[in-house]
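So this block is structure12.cif, mmCIF, C-alpha atoms:
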```
data_final
#
loop_
_atom_site.label_atom_id
_atom_site.label_comp_id
_atom_site.auth_asym_id
_atom_site.auth_seq_id
_atom_site.Cartn_x
_atom_site.Cartn_y
_atom_site.Cartn_z
CA MET A 980 -41.91 27.01 -21.97
CA MET A 981 -43.22 26.88 -18.42
CA ARG A 982 -45.00 23.65 -19.23
CA ILE A 983 -41.71 22.02 -20.34
CA TRP A 984 -40.04 23.02 -17.06
CA THR A 985 -42.95 21.74 -15.03
CA THR A 986 -42.92 18.43 -16.91
CA ALA A 987 -39.15 18.11 -16.50
CA ALA A 988 -39.38 18.88 -12.77
CA LEU A 989 -42.17 16.34 -12.36
CA LEU A 990 -40.17 13.65 -14.20
CA LEU A 991 -37.12 14.41 -12.06
CA LEU A 992 -39.17 14.20 -8.87
CA VAL A 993 -40.74 10.90 -9.96
CA SER A 994 -37.34 9.38 -10.78
CA VAL A 995 -35.69 10.59 -7.55
CA ALA A 996 -38.62 9.92 -5.21
CA PRO A 997 -37.91 6.19 -4.71
CA VAL A 998 -34.33 7.00 -3.71
CA LEU A 999 -35.42 9.76 -1.34
CA ALA A 1000 -38.12 7.60 0.20
CA GLN A 1001 -35.62 4.90 0.99
CA ALA A 1002 -33.01 5.78 3.64
CA GLN A 1003 -29.64 4.34 2.85
CA LYS A 1004 -27.41 2.99 5.58
CA ILE A 1005 -23.80 4.07 5.34
CA ALA A 1006 -20.89 3.04 7.56
CA TYR A 1007 -17.13 3.07 7.51
CA VAL A 1008 -14.19 0.97 8.64
CA ASP A 1009 -10.58 1.87 9.36
CA SER A 1010 -8.58 -0.83 7.58
CA ASP A 1011 -5.29 0.34 9.13
CA TYR A 1012 -6.81 -0.20 12.58
CA ILE A 1013 -8.20 -3.60 11.59
CA LEU A 1014 -4.92 -4.78 10.04
CA GLY A 1015 -3.00 -3.56 13.10
CA LYS A 1016 -5.11 -5.84 15.30
CA LEU A 1017 -4.53 -8.97 13.17
CA PRO A 1018 -1.67 -11.06 14.59
CA GLU A 1019 -0.68 -12.42 11.18
CA TYR A 1020 -0.31 -8.89 9.83
CA GLY A 1021 2.36 -8.09 12.42
CA GLY A 1022 4.26 -11.21 11.37
CA LEU A 1023 3.96 -10.17 7.74
CA GLU A 1024 5.47 -6.76 8.51
CA GLN A 1025 8.37 -8.44 10.33
CA ARG A 1026 9.03 -10.75 7.37
CA LEU A 1027 9.03 -7.82 4.96
CA ARG A 1028 11.32 -5.79 7.25
CA ALA A 1029 13.76 -8.72 7.44
CA LEU A 1030 13.83 -9.01 3.64
CA ALA A 1031 14.34 -5.27 3.24
CA THR A 1032 17.14 -5.26 5.82
CA GLU A 1033 18.90 -8.13 4.06
CA TRP A 1034 18.70 -6.37 0.69
CA GLN A 1035 19.84 -3.04 2.15
CA GLN A 1036 22.86 -4.74 3.69
CA GLU A 1037 23.72 -6.23 0.29
CA MET A 1038 23.41 -2.78 -1.31
CA GLN A 1039 25.65 -1.27 1.39
CA ALA A 1040 28.26 -3.98 0.73
CA GLN A 1041 28.15 -3.22 -2.99
CA GLN A 1042 28.47 0.52 -2.24
CA ARG A 1043 31.53 -0.13 -0.05
CA VAL A 1044 33.20 -2.01 -2.93
CA ILE A 1045 32.44 0.92 -5.26
CA ASP A 1046 33.79 3.42 -2.71
CA GLU A 1047 36.99 1.37 -2.31
CA LEU A 1048 37.44 1.18 -6.09
CA LYS A 1049 36.96 4.96 -6.38
CA ALA A 1050 39.39 5.67 -3.53
CA ASP A 1051 41.99 3.33 -5.06
CA TYR A 1052 41.50 4.93 -8.46
CA GLN A 1053 41.92 8.46 -7.09
CA ALA A 1054 44.98 7.52 -5.05
CA ARG A 1055 46.76 5.77 -7.92
CA GLU A 1056 45.35 7.55 -10.96
CA ILE A 1057 48.61 9.26 -11.91
CA LEU A 1058 50.44 5.91 -11.83
CA PHE A 1059 48.03 4.28 -14.30
CA THR A 1060 48.36 4.36 -18.04
CA GLU A 1061 45.44 5.86 -19.94
CA GLU A 1062 44.29 2.35 -20.86
CA VAL A 1063 44.29 1.17 -17.20
CA ARG A 1064 42.52 4.39 -16.13
CA GLU A 1065 39.78 3.73 -18.67
CA GLN A 1066 39.45 0.11 -17.48
CA LYS A 1067 39.11 1.28 -13.86
CA ARG A 1068 36.48 3.91 -14.79
CA VAL A 1069 34.51 1.30 -16.73
CA GLU A 1070 34.75 -1.14 -13.80
CA ILE A 1071 33.44 1.52 -11.38
CA ALA A 1072 30.62 2.55 -13.73
CA THR A 1073 29.64 -1.10 -14.26
CA LYS A 1074 29.45 -1.72 -10.50
CA GLU A 1075 27.41 1.47 -10.02
CA ARG A 1076 24.93 0.38 -12.71
CA ALA A 1077 24.72 -3.08 -11.11
CA LEU A 1078 23.91 -1.47 -7.75
CA VAL A 1079 21.15 0.68 -9.29
CA GLN A 1080 19.71 -2.37 -11.07
CA TYR A 1081 19.81 -4.40 -7.85
CA GLU A 1082 18.03 -1.63 -5.97
CA GLN A 1083 15.34 -1.40 -8.67
CA SER A 1084 14.87 -5.17 -8.75
CA LYS A 1085 14.30 -5.22 -4.98
CA PHE A 1086 12.63 -1.87 -4.16
CA GLY A 1087 11.46 -0.45 -7.51
CA PRO A 1088 7.78 -0.13 -8.42
CA GLU A 1089 7.79 -3.66 -9.82
CA GLY A 1090 10.44 -4.95 -7.44
CA GLU A 1091 10.51 -8.04 -5.31
CA TYR A 1092 9.55 -6.13 -2.13
CA PHE A 1093 6.20 -5.06 -3.56
CA ARG A 1094 5.57 -8.47 -5.14
CA GLN A 1095 6.24 -10.17 -1.79
CA GLN A 1096 4.04 -7.63 -0.02
CA ALA A 1097 1.15 -8.26 -2.42
CA THR A 1098 1.55 -12.04 -2.19
CA LEU A 1099 1.66 -12.06 1.60
CA LEU A 1100 -1.08 -9.45 2.06
CA GLU A 1101 -3.61 -10.85 -0.42
CA PRO A 1102 -5.02 -13.64 1.82
CA ILE A 1103 -5.37 -11.19 4.72
CA GLN A 1104 -7.11 -8.63 2.51
CA ARG A 1105 -9.52 -11.28 1.21
CA ARG A 1106 -10.36 -12.32 4.78
CA VAL A 1107 -10.95 -8.72 5.88
CA MET A 1108 -13.11 -8.00 2.82
CA ALA A 1109 -15.20 -11.12 3.49
CA ALA A 1110 -15.69 -10.02 7.11
CA ILE A 1111 -16.68 -6.50 6.02
CA GLU A 1112 -19.17 -7.94 3.56
CA ALA A 1113 -20.58 -10.30 6.23
CA VAL A 1114 -21.05 -7.47 8.75
CA ALA A 1115 -22.52 -5.11 6.13
CA THR A 1116 -24.94 -7.74 4.87
CA ARG A 1117 -25.94 -8.88 8.35
CA ASP A 1118 -26.55 -5.33 9.58
CA GLY A 1119 -28.16 -4.05 6.36
CA TYR A 1120 -25.61 -1.44 5.28
CA ASP A 1121 -25.81 -0.15 1.72
CA PHE A 1122 -22.33 1.39 1.63
CA VAL A 1123 -19.19 0.82 3.69
CA PHE A 1124 -16.23 3.15 3.16
CA ASP A 1125 -12.63 2.78 4.29
CA ARG A 1126 -11.49 5.90 6.08
CA SER A 1127 -7.80 4.96 6.16
CA GLY A 1128 -7.32 5.03 2.38
CA ASP A 1129 -7.27 7.90 -0.09
CA PHE A 1130 -10.96 8.59 0.53
CA LEU A 1131 -11.18 11.67 2.73
CA PHE A 1132 -13.79 12.00 5.45
CA LEU A 1133 -14.12 15.46 6.94
CA TYR A 1134 -16.39 14.14 9.65
CA THR A 1135 -17.40 10.69 10.79
CA ARG A 1136 -19.76 9.77 13.59
CA ALA A 1137 -18.26 6.96 15.68
CA GLN A 1138 -21.57 5.07 15.83
CA TRP A 1139 -21.17 4.20 12.11
CA ASN A 1140 -17.67 2.74 12.55
CA LEU A 1141 -17.84 -0.99 11.81
CA SER A 1142 -14.14 -1.68 12.44
CA ASP A 1143 -14.69 -3.46 15.77
CA GLU A 1144 -17.56 -5.52 14.33
CA VAL A 1145 -15.29 -6.60 11.47
CA LEU A 1146 -12.60 -7.61 13.98
CA ILE A 1147 -15.17 -9.64 15.92
CA GLU A 1148 -16.23 -11.28 12.64
CA LEU A 1149 -12.56 -12.16 12.11
CA GLY A 1150 -12.40 -13.68 15.58
CA ILE A 1151 -10.19 -10.92 17.05
CA ALA A 1152 -10.96 -9.61 20.53
CA VAL A 1153 -11.54 -5.86 20.67
CA GLY A 1154 -11.09 -3.35 23.44
CA GLU A 1155 -7.50 -4.31 24.22
#
```

Could I get this structure in the form of structure tokens?
Amino acid sequence: MMRIWTTAALLLLVSVAPVLAQAQKIAYVDSDYILGKLPEYGGLEQRLRALATEWQQEMQAQQRVIDELKADYQAREILFTEEVREQKRVEIATKERALVQYEQSKFGPEGEYFRQQATLLEPIQRRVMAAIEAVATRDGYDFVFDRSGDFLFLYTRAQWNLSDEVLIELGIAVGE
């Protein structure tokens, strides 16, 4: 039994030894920081904000119409026949559904806002990824992580931060 353990330990050591003998270079970037320094990213945010503001104003206008219909219905409900009351309730419910559908089409998970964001952001993301790859290849890094995403770093040494090098690769001045 001892011989099996010894053999297994030896095989494990032989298979891990090349990895241990070779130091791996690891670095990180902060993509939020990088994107914040890109002039075209600021313009993209402004365009998206303008679209969102326009759509929110449209939703507010629709909500005002619904509120007016409800107020009119409540004020005059006793004057209406049952048939007219039902028509008014249906009209209000239809406008409320239309508002919810409009909101989903603009801001829902598959809405126009997120499609526009992806379309506008994709060329910037490709450029940043190419710059990260260029810096990592040039400087011999094996792994480059993004600290601004869902990946959690409990500690990072600033000397391994490649964010400024990526900005330089993108032609953006750093230190401003």

(request) List the neighbours of Val1123 in chain A out to 9 Å using all atoms listed in the file; skip same-chain residues closer than 2 positions along the sequence, and give me the result as number ranges by chain. (result) A: 1004-1008, 1111-1112, 1115, 1120-1121, 1125, 1141

(message) Neighbouring residues of Leu1100 in chain A were defined as those with any atom within 12 Å, considering all atoms listed in the file; residues of the same chain fewer than 2 positions away were excluded. Please report them as number ranges by chain.
(response) A: 1014, 1017, 1019-1024, 1026-1027, 1092-1098, 1102-1107

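Our summary of the geometry notes that CA of Ser1010 in chain A is positioned 10.2 Å from CA of Leu1146 in chain A.
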
(request) Have a look at A:Val1063, A:Gly1015, A:Glu1070, A:Gln1036 and name the one nearest to Lys1049 in chain A; count all atoms listed in the file. (result) A:Glu1070

(message) For a quick check of understanding, using only C-alpha atoms, which of A:Ala1109, A:Ala1072, A:Ala1077, A:Ala1002 has the smallest distance to Leu1048 in chain A?
(response) A:Ala1072

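The interatomic distance for the pair CA of Val1044 in chain A and CA of Ser1084 in chain A works out to 19.5 Å.
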
(message) Env of Glu1091 in chain A: 10 Å cut, atoms = all atoms listed in the file, seq-sep filter 6 positions within chain, self excluded. Answer as JSON, numbers by chain.
(response) {"A": [1030, 1031, 1082, 1083, 1084, 1085, 1097]}

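Candidate residues A:Lys1016, A:Lys1074, A:Glu1089, A:Arg1068 were compared for distance to Gly1154 in chain A, and the nearest is A:Lys1016, using only C-alpha atoms.
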
(message) Show me the residues around (33.3, -4.9, -3.9) - criterion: an atom at most 12 Å away, only C-alpha atoms counted - as number ranges by chain.
(response) A: 1037-1049, 1070-1071, 1073-1075, 1077-1078

Please, could you write that set of residues out with C-alpha atoms as a PDB file, in the frame of the given file?
```pdb
ATOM      1  CA  GLU A1037      23.720  -6.230   0.290  1.00  0.00           C
ATOM      2  CA  MET A1038      23.410  -2.780  -1.310  1.00  0.00           C
ATOM      3  CA  GLN A1039      25.650  -1.270   1.390  1.00  0.00           C
ATOM      4  CA  ALA A1040      28.260  -3.980   0.730  1.00  0.00           C
ATOM      5  CA  GLN A1041      28.150  -3.220  -2.990  1.00  0.00           C
ATOM      6  CA  GLN A1042      28.470   0.520  -2.240  1.00  0.00           C
ATOM      7  CA  ARG A1043      31.530  -0.130  -0.050  1.00  0.00           C
ATOM      8  CA  VAL A1044      33.200  -2.010  -2.930  1.00  0.00           C
ATOM      9  CA  ILE A1045      32.440   0.920  -5.260  1.00  0.00           C
ATOM     10  CA  ASP A1046      33.790   3.420  -2.710  1.00  0.00           C
ATOM     11  CA  GLU A1047      36.990   1.370  -2.310  1.00  0.00           C
ATOM     12  CA  LEU A1048      37.440   1.180  -6.090  1.00  0.00           C
ATOM     13  CA  LYS A1049      36.960   4.960  -6.380  1.00  0.00           C
ATOM     14  CA  GLU A1070      34.750  -1.140 -13.800  1.00  0.00           C
ATOM     15  CA  ILE A1071      33.440   1.520 -11.380  1.00  0.00           C
ATOM     16  CA  THR A1073      29.640  -1.100 -14.260  1.00  0.00           C
ATOM     17  CA  LYS A1074      29.450  -1.720 -10.500  1.00  0.00           C
ATOM     18  CA  GLU A1075      27.410   1.470 -10.020  1.00  0.00           C
ATOM     19  CA  ALA A1077      24.720  -3.080 -11.110  1.00  0.00           C
ATOM     20  CA  LEU A1078      23.910  -1.470  -7.750  1.00  0.00           C
TER      21      LEU A1078
END
```

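CA of Trp1139 in chain A to CA of Val1153 in chain A spans 16.3 Å [interatomic distance, one decimal].
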